[in-house]
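Pasted below: final.cif, mmCIF, C-alpha atoms.
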data_coords
#
loop_
_atom_site.label_atom_id
_atom_site.label_comp_id
_atom_site.auth_asym_id
_atom_site.auth_seq_id
_atom_site.Cartn_x
_atom_site.Cartn_y
_atom_site.Cartn_z
CA MET A 1 217.14 277.65 11.98
CA LYS A 2 220.84 276.93 11.49
CA GLN A 3 221.66 278.84 14.70
CA ILE A 4 219.12 276.83 16.67
CA LEU A 5 220.60 273.55 15.38
CA ASN A 6 224.12 274.77 16.23
CA GLY A 7 222.93 275.70 19.73
CA ILE A 8 221.33 272.29 20.22
CA GLY A 9 224.52 270.63 18.96
CA ILE A 10 226.66 272.61 21.42
CA LEU A 11 224.31 271.76 24.30
CA PHE A 12 224.41 268.09 23.34
CA ALA A 13 228.21 268.15 23.18
CA LEU A 14 228.44 269.83 26.60
CA PHE A 15 226.00 267.31 28.07
CA PHE A 16 228.04 264.43 26.58
CA VAL A 17 231.30 265.81 28.01
CA PHE A 18 229.65 266.28 31.41
CA MET A 19 228.38 262.69 31.40
CA VAL A 20 231.80 261.30 30.43
CA LEU A 21 233.39 263.26 33.28
CA LEU A 22 230.75 262.08 35.73
CA VAL A 23 231.23 258.44 34.75
CA SER A 24 235.01 258.72 35.08
CA VAL A 25 234.70 260.35 38.52
CA VAL A 26 232.35 257.65 39.80
CA SER A 27 234.59 254.94 38.32
CA ALA A 28 237.61 256.38 40.11
CA ALA A 29 235.70 256.44 43.40
CA ASN A 30 234.65 252.80 43.00
CA LYS A 31 238.15 251.36 42.54
CA PRO A 32 239.68 249.52 45.51
CA LYS A 33 242.28 251.64 47.29
CA GLY A 34 244.46 248.81 48.61
CA ASN A 35 245.64 247.74 52.03
CA LYS A 36 245.97 250.83 54.23
CA GLU A 37 245.57 249.19 57.63
CA GLN A 38 245.91 251.44 60.64
CA VAL A 39 245.51 250.21 64.22
CA LEU A 40 244.77 252.42 67.21
CA PRO A 41 245.74 250.37 70.28
CA GLY A 42 243.10 250.03 72.97
CA LYS A 43 243.39 250.47 76.71
CA GLY A 44 243.92 247.62 79.12
CA GLU A 45 245.04 244.04 78.65
CA ARG A 46 242.08 242.86 76.59
CA PRO A 47 240.41 245.85 74.97
CA ARG A 48 237.21 245.50 72.99
CA LYS A 49 237.89 245.50 69.25
CA ALA A 50 236.29 247.53 66.49
CA LEU A 51 236.85 247.36 62.74
CA ILE A 52 236.16 250.27 60.41
CA ILE A 53 236.12 249.39 56.71
CA TYR A 54 235.59 252.45 54.54
CA GLN A 55 236.05 253.44 50.93
CA PRO A 56 237.69 256.86 50.66
CA GLY A 57 236.00 259.30 48.35
CA LEU A 58 237.30 261.85 45.90
CA THR A 59 237.47 264.34 48.75
CA LYS A 60 238.90 263.58 52.18
CA ILE A 61 235.52 263.84 53.94
CA THR A 62 234.85 260.09 54.23
CA SER A 63 238.40 259.43 55.43
CA ARG A 64 238.08 262.21 58.02
CA ARG A 65 234.79 260.85 59.32
CA ALA A 66 236.29 257.34 59.60
CA GLN A 67 239.30 258.75 61.50
CA GLU A 68 237.01 260.77 63.81
CA LEU A 69 234.87 257.69 64.52
CA ALA A 70 238.02 255.70 65.27
CA ALA A 71 239.32 258.41 67.61
CA GLY A 72 236.01 258.47 69.52
CA LEU A 73 235.94 254.68 69.85
CA ASN A 74 239.58 254.65 70.89
CA ALA A 75 238.96 257.32 73.53
CA GLY A 76 236.20 255.02 74.80
CA GLY A 77 238.70 252.18 75.24
CA TYR A 78 238.41 250.26 71.97
CA GLU A 79 241.28 248.92 69.89
CA VAL A 80 240.32 250.17 66.44
CA THR A 81 241.49 248.81 63.10
CA LEU A 82 240.82 250.91 59.99
CA ASN A 83 241.24 249.74 56.42
CA HIS A 84 239.83 249.97 52.92
CA PRO A 85 237.69 247.20 51.40
CA GLY A 86 239.29 244.79 48.97
CA LYS A 87 240.67 241.32 48.36
CA HIS A 88 243.47 241.90 50.88
CA LEU A 89 240.99 241.77 53.79
CA THR A 90 239.84 238.70 55.60
CA THR A 91 236.19 237.75 55.48
CA ASP A 92 236.32 236.41 59.06
CA LEU A 93 235.23 239.27 61.31
CA SER A 94 234.48 237.11 64.35
CA GLY A 95 237.15 238.79 66.52
CA TYR A 96 235.39 242.18 66.45
CA GLU A 97 232.66 243.39 68.76
CA LEU A 98 231.81 246.30 66.48
CA VAL A 99 232.12 246.48 62.67
CA ILE A 100 231.60 249.78 60.86
CA PHE A 101 231.20 250.09 57.10
CA GLY A 102 231.51 253.53 55.48
CA SER A 103 231.38 255.02 52.01
CA PRO A 104 230.87 258.26 50.15
CA THR A 105 227.61 258.56 48.26
CA TYR A 106 227.63 259.22 44.53
CA ALA A 107 224.34 259.43 42.63
CA GLY A 108 222.54 257.95 45.63
CA GLN A 109 224.79 254.89 45.72
CA LEU A 110 227.47 253.61 48.08
CA THR A 111 230.69 252.59 46.33
CA LYS A 112 230.90 249.18 44.70
CA ALA A 113 234.20 248.40 46.44
CA LEU A 114 232.46 248.59 49.82
CA THR A 115 229.20 246.90 48.84
CA ASN A 116 231.11 244.05 47.13
CA TYR A 117 233.13 243.47 50.32
CA MET A 118 229.97 243.60 52.41
CA ALA A 119 228.37 241.02 50.10
CA GLN A 120 231.27 238.70 50.93
CA VAL A 121 231.30 239.13 54.71
CA CYS A 122 227.70 239.84 55.76
CA PRO A 123 226.25 236.40 54.96
CA GLY A 124 229.01 234.85 57.13
CA LEU A 125 228.23 237.21 59.97
CA ALA A 126 224.57 236.29 59.84
CA LYS A 127 225.38 232.56 59.96
CA ALA A 128 228.07 232.85 62.65
CA THR A 129 227.49 230.94 65.82
CA GLY A 130 227.54 232.88 69.04
CA GLU A 131 227.05 236.61 69.25
CA THR A 132 227.37 238.56 66.01
CA PRO A 133 229.12 241.93 66.15
CA ARG A 134 227.18 245.15 66.25
CA ILE A 135 227.09 246.71 62.78
CA VAL A 136 227.17 250.44 61.99
CA LEU A 137 226.83 251.92 58.52
CA PHE A 138 227.88 255.43 57.61
CA ALA A 139 227.81 257.39 54.42
CA THR A 140 228.99 260.85 53.49
CA GLY A 141 227.36 263.16 51.04
CA GLY A 142 225.81 266.53 50.49
CA LEU A 143 222.24 265.41 51.12
CA GLU A 144 220.78 264.15 54.38
CA GLN A 145 218.71 261.48 52.59
CA THR A 146 219.60 257.87 53.43
CA GLU A 147 218.04 255.83 50.61
CA GLU A 148 221.46 254.30 49.87
CA PHE A 149 221.09 252.22 53.05
CA ASP A 150 217.74 250.86 51.88
CA ARG A 151 219.51 249.08 49.03
CA LEU A 152 221.48 247.04 51.61
CA ALA A 153 218.42 245.67 53.43
CA GLU A 154 218.68 242.15 52.01
CA LEU A 155 222.41 242.02 52.71
CA LEU A 156 221.90 243.06 56.34
CA THR A 157 219.07 240.64 57.15
CA GLY A 158 219.74 238.83 60.42
CA LEU A 159 222.56 241.15 61.48
CA ASN A 160 222.73 243.34 64.57
CA VAL A 161 222.63 246.73 62.81
CA VAL A 162 222.64 249.38 65.56
CA LYS A 163 223.07 252.59 63.54
CA MET A 164 222.88 253.94 60.02
CA VAL A 165 224.29 257.45 59.86
CA LYS A 166 224.65 259.94 57.04
CA PHE A 167 227.37 262.52 57.61
CA SER A 168 226.16 265.50 55.62
CA PRO A 169 227.52 269.02 56.12
CA LYS A 170 224.83 269.51 58.79
CA GLY A 171 225.02 265.93 60.08
CA PRO A 172 226.17 264.49 63.40
CA ASN A 173 229.70 264.63 64.78
CA ALA A 174 231.64 261.43 64.05
CA TYR A 175 233.88 261.65 67.14
CA ASP A 176 230.82 261.94 69.40
CA LEU A 177 229.23 258.98 67.62
CA GLY A 178 232.39 256.95 68.30
CA LEU A 179 232.21 257.83 72.00
CA GLU A 180 228.52 256.95 72.07
CA LEU A 181 229.14 253.57 70.43
CA ALA A 182 231.95 252.86 72.92
CA GLN A 183 229.51 253.39 75.81
CA GLU A 184 226.93 250.90 74.49
#
Can you give me the file's structure in the form of structure tokens?
Amino acid sequence: MKQILNGIGILFALFFVFMVLLVSVVSAANKPKGNKEQVLPGKGERPRKALIIYQPGLTKITSRRAQELAAGLNAGGYEVTLNHPGKHLTTDLSGYELVIFGSPTYAGQLTKALTNYMAQVCPGLAKATGETPRIVLFATGGLEQTEEFDRLAELLTGLNVVKMVKFSPKGPNAYDLGLELAQE
């Protein structure tokens, strides 16, 4: 009986350590990463403008997909600005024809840094006079499921959402998606 209780105690301790590690990893992923603006100049005198706001993950996968998307859009003639969400960003996105939001997925959730920024800017986009920009959402993660986008439905009401893409290991190519979006 004592051995069974010791075994249960060890399992409980391991589970507790695992949960603490998981919480710390998710907390680290949710912290704003600061102003890391990068601009890829467009072609011509007045190129169309795209903005990619993405929260980098614990791996470089989300950052790579954002860079690939930007390269595809840029090859299609867009001037592309990339940055991370946070207080340093403007909430006026009226100068962009295309706005892309991206995040890694942890426990079926997009990062709070991105969703908090979206909560600030999306209502303004919906109320803007004139034509609202096209909106694209992307997420990265090991599963092809896209339930994390469903949680944004209320936030995206009234916006011109043209794509919601999950970049899983078997998912679509981000560069090709950028080229496709540039053609629309």
In terms of only C-alpha atoms, the residue from A:Gly95, A:Pro172, A:Gly124, A:Gly72 at minimal distance from Arg48 of chain A is A:Gly95
_I need the output of the PyMOL selection byres ((chain A and resi 53-69) around 8) for this file as JSON, numbers by chain; which residues are they?_
{"A": [25, 28, 29, 32, 33, 51, 52, 70, 71, 72, 73, 82, 83, 84, 85, 99, 100, 101, 102, 103, 104, 111, 113, 114, 139, 140, 167, 174, 175, 176, 177, 178, 179]}
Residues within 12 Å of Ile135 of chain A, only C-alpha atoms, excluding chain neighbours under 5 positions, as a PDB file with C-alpha atoms, keeping the file's coordinate frame:
ATOM      1  CA  ALA A  50     236.290 247.530  66.490  1.00  0.00           C
ATOM      2  CA  LEU A  51     236.850 247.360  62.740  1.00  0.00           C
ATOM      3  CA  ILE A  52     236.160 250.270  60.410  1.00  0.00           C
ATOM      4  CA  ILE A  53     236.120 249.390  56.710  1.00  0.00           C
ATOM      5  CA  LEU A  93     235.230 239.270  61.310  1.00  0.00           C
ATOM      6  CA  TYR A  96     235.390 242.180  66.450  1.00  0.00           C
ATOM      7  CA  GLU A  97     232.660 243.390  68.760  1.00  0.00           C
ATOM      8  CA  LEU A  98     231.810 246.300  66.480  1.00  0.00           C
ATOM      9  CA  VAL A  99     232.120 246.480  62.670  1.00  0.00           C
ATOM     10  CA  ILE A 100     231.600 249.780  60.860  1.00  0.00           C
ATOM     11  CA  PHE A 101     231.200 250.090  57.100  1.00  0.00           C
ATOM     12  CA  GLY A 102     231.510 253.530  55.480  1.00  0.00           C
ATOM     13  CA  MET A 118     229.970 243.600  52.410  1.00  0.00           C
ATOM     14  CA  VAL A 121     231.300 239.130  54.710  1.00  0.00           C
ATOM     15  CA  CYS A 122     227.700 239.840  55.760  1.00  0.00           C
ATOM     16  CA  LEU A 125     228.230 237.210  59.970  1.00  0.00           C
ATOM     17  CA  ALA A 126     224.570 236.290  59.840  1.00  0.00           C
ATOM     18  CA  LEU A 156     221.900 243.060  56.340  1.00  0.00           C
ATOM     19  CA  THR A 157     219.070 240.640  57.150  1.00  0.00           C
ATOM     20  CA  GLY A 158     219.740 238.830  60.420  1.00  0.00           C
ATOM     21  CA  LEU A 159     222.560 241.150  61.480  1.00  0.00           C
ATOM     22  CA  ASN A 160     222.730 243.340  64.570  1.00  0.00           C
ATOM     23  CA  VAL A 161     222.630 246.730  62.810  1.00  0.00           C
ATOM     24  CA  VAL A 162     222.640 249.380  65.560  1.00  0.00           C
ATOM     25  CA  LYS A 163     223.070 252.590  63.540  1.00  0.00           C
ATOM     26  CA  MET A 164     222.880 253.940  60.020  1.00  0.00           C
ATOM     27  CA  VAL A 165     224.290 257.450  59.860  1.00  0.00           C
ATOM     28  CA  LEU A 181     229.140 253.570  70.430  1.00  0.00           C
TER      29      LEU A 181
END
Hey, could you pull the box centre and edge lengths for segment 78-90 of chain A, axis-aligned, 5 Å padding per side, all listed atoms, to one decimal in Å, as lines of an AutoDock Vina configuration file?
center_x = 240.6
center_y = 244.8
center_z = 60.2
size_x = 15.8
size_y = 22.2
size_z = 33.6
Translate the PyMOL selection byres ((chain A and resi 141) around 6), as applied to the file shown, into an explicit residue set as a ChimeraX atom specification. /A:105,140,142-143,168
Which residue out of A:Gln109, A:Gln120, A:Gln38, A:Thr115 has the minimum interatomic distance to Val80 of chain A when all atoms listed in the file are used?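 Counting all atoms listed in the file, the residue closest to Val80 of chain A is A:Gln38.
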Practice task
Have a look at atom CA of Thr132 of chain A and atom CA of Arg151 of chain A and let me know their distance in Å, one decimal.
Solution key: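 Result for atom CA of Thr132 of chain A versus atom CA of Arg151 of chain A: 21.5 Å, one decimal.
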Exercise. Rank nothing, just name the residue among A:Asp92, A:Lys166, A:Asn173, A:Pro123 nearest to Glu154 of chain A, using all atoms listed in the file.
Key: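 Answer, going by the shortest atom-to-atom distance: A:Pro123.
Here atom CA of Gly86 of chain A and atom CA of Tyr117 of chain A stand 6.4 Å from one another.
Between atom CA of Lys49 of chain A and atom CA of Glu144 of chain A lies a distance of 29.4 Å.
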So which residues touch Arg46 of chain A within 12 Å, counting all atoms listed in the file, skipping near sequence neighbours fewer than 5 positions away, as a compact mmCIF listing (two decimals) with C-alpha atoms, in the coordinates of the input?
# COMPACT_ATOMS: atom_id res chain seq x y z
CA PRO A 41 245.74 250.37 70.28
CA GLY A 77 238.70 252.18 75.24
CA TYR A 78 238.41 250.26 71.97
CA GLU A 79 241.28 248.92 69.89
CA GLY A 95 237.15 238.79 66.52
Set the distance at 9 Å and use only C-alpha atoms: which residues neighbour Gly108 of chain A once local chain neighbours fewer than 5 positions away are removed? I'd like the list as an MDAnalysis selection string.
chainID A and resid 141 145:148
Could you dump the residues just selected with C-alpha atoms as a compact mmCIF listing (two decimals), in the frame of the given file?
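Full text of selection_20.txt as output:
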# COMPACT_ATOMS: atom_id res chain seq x y z
CA GLY A 141 227.36 263.16 51.04
CA GLN A 145 218.71 261.48 52.59
CA THR A 146 219.60 257.87 53.43
CA GLU A 147 218.04 255.83 50.61
CA GLU A 148 221.46 254.30 49.87
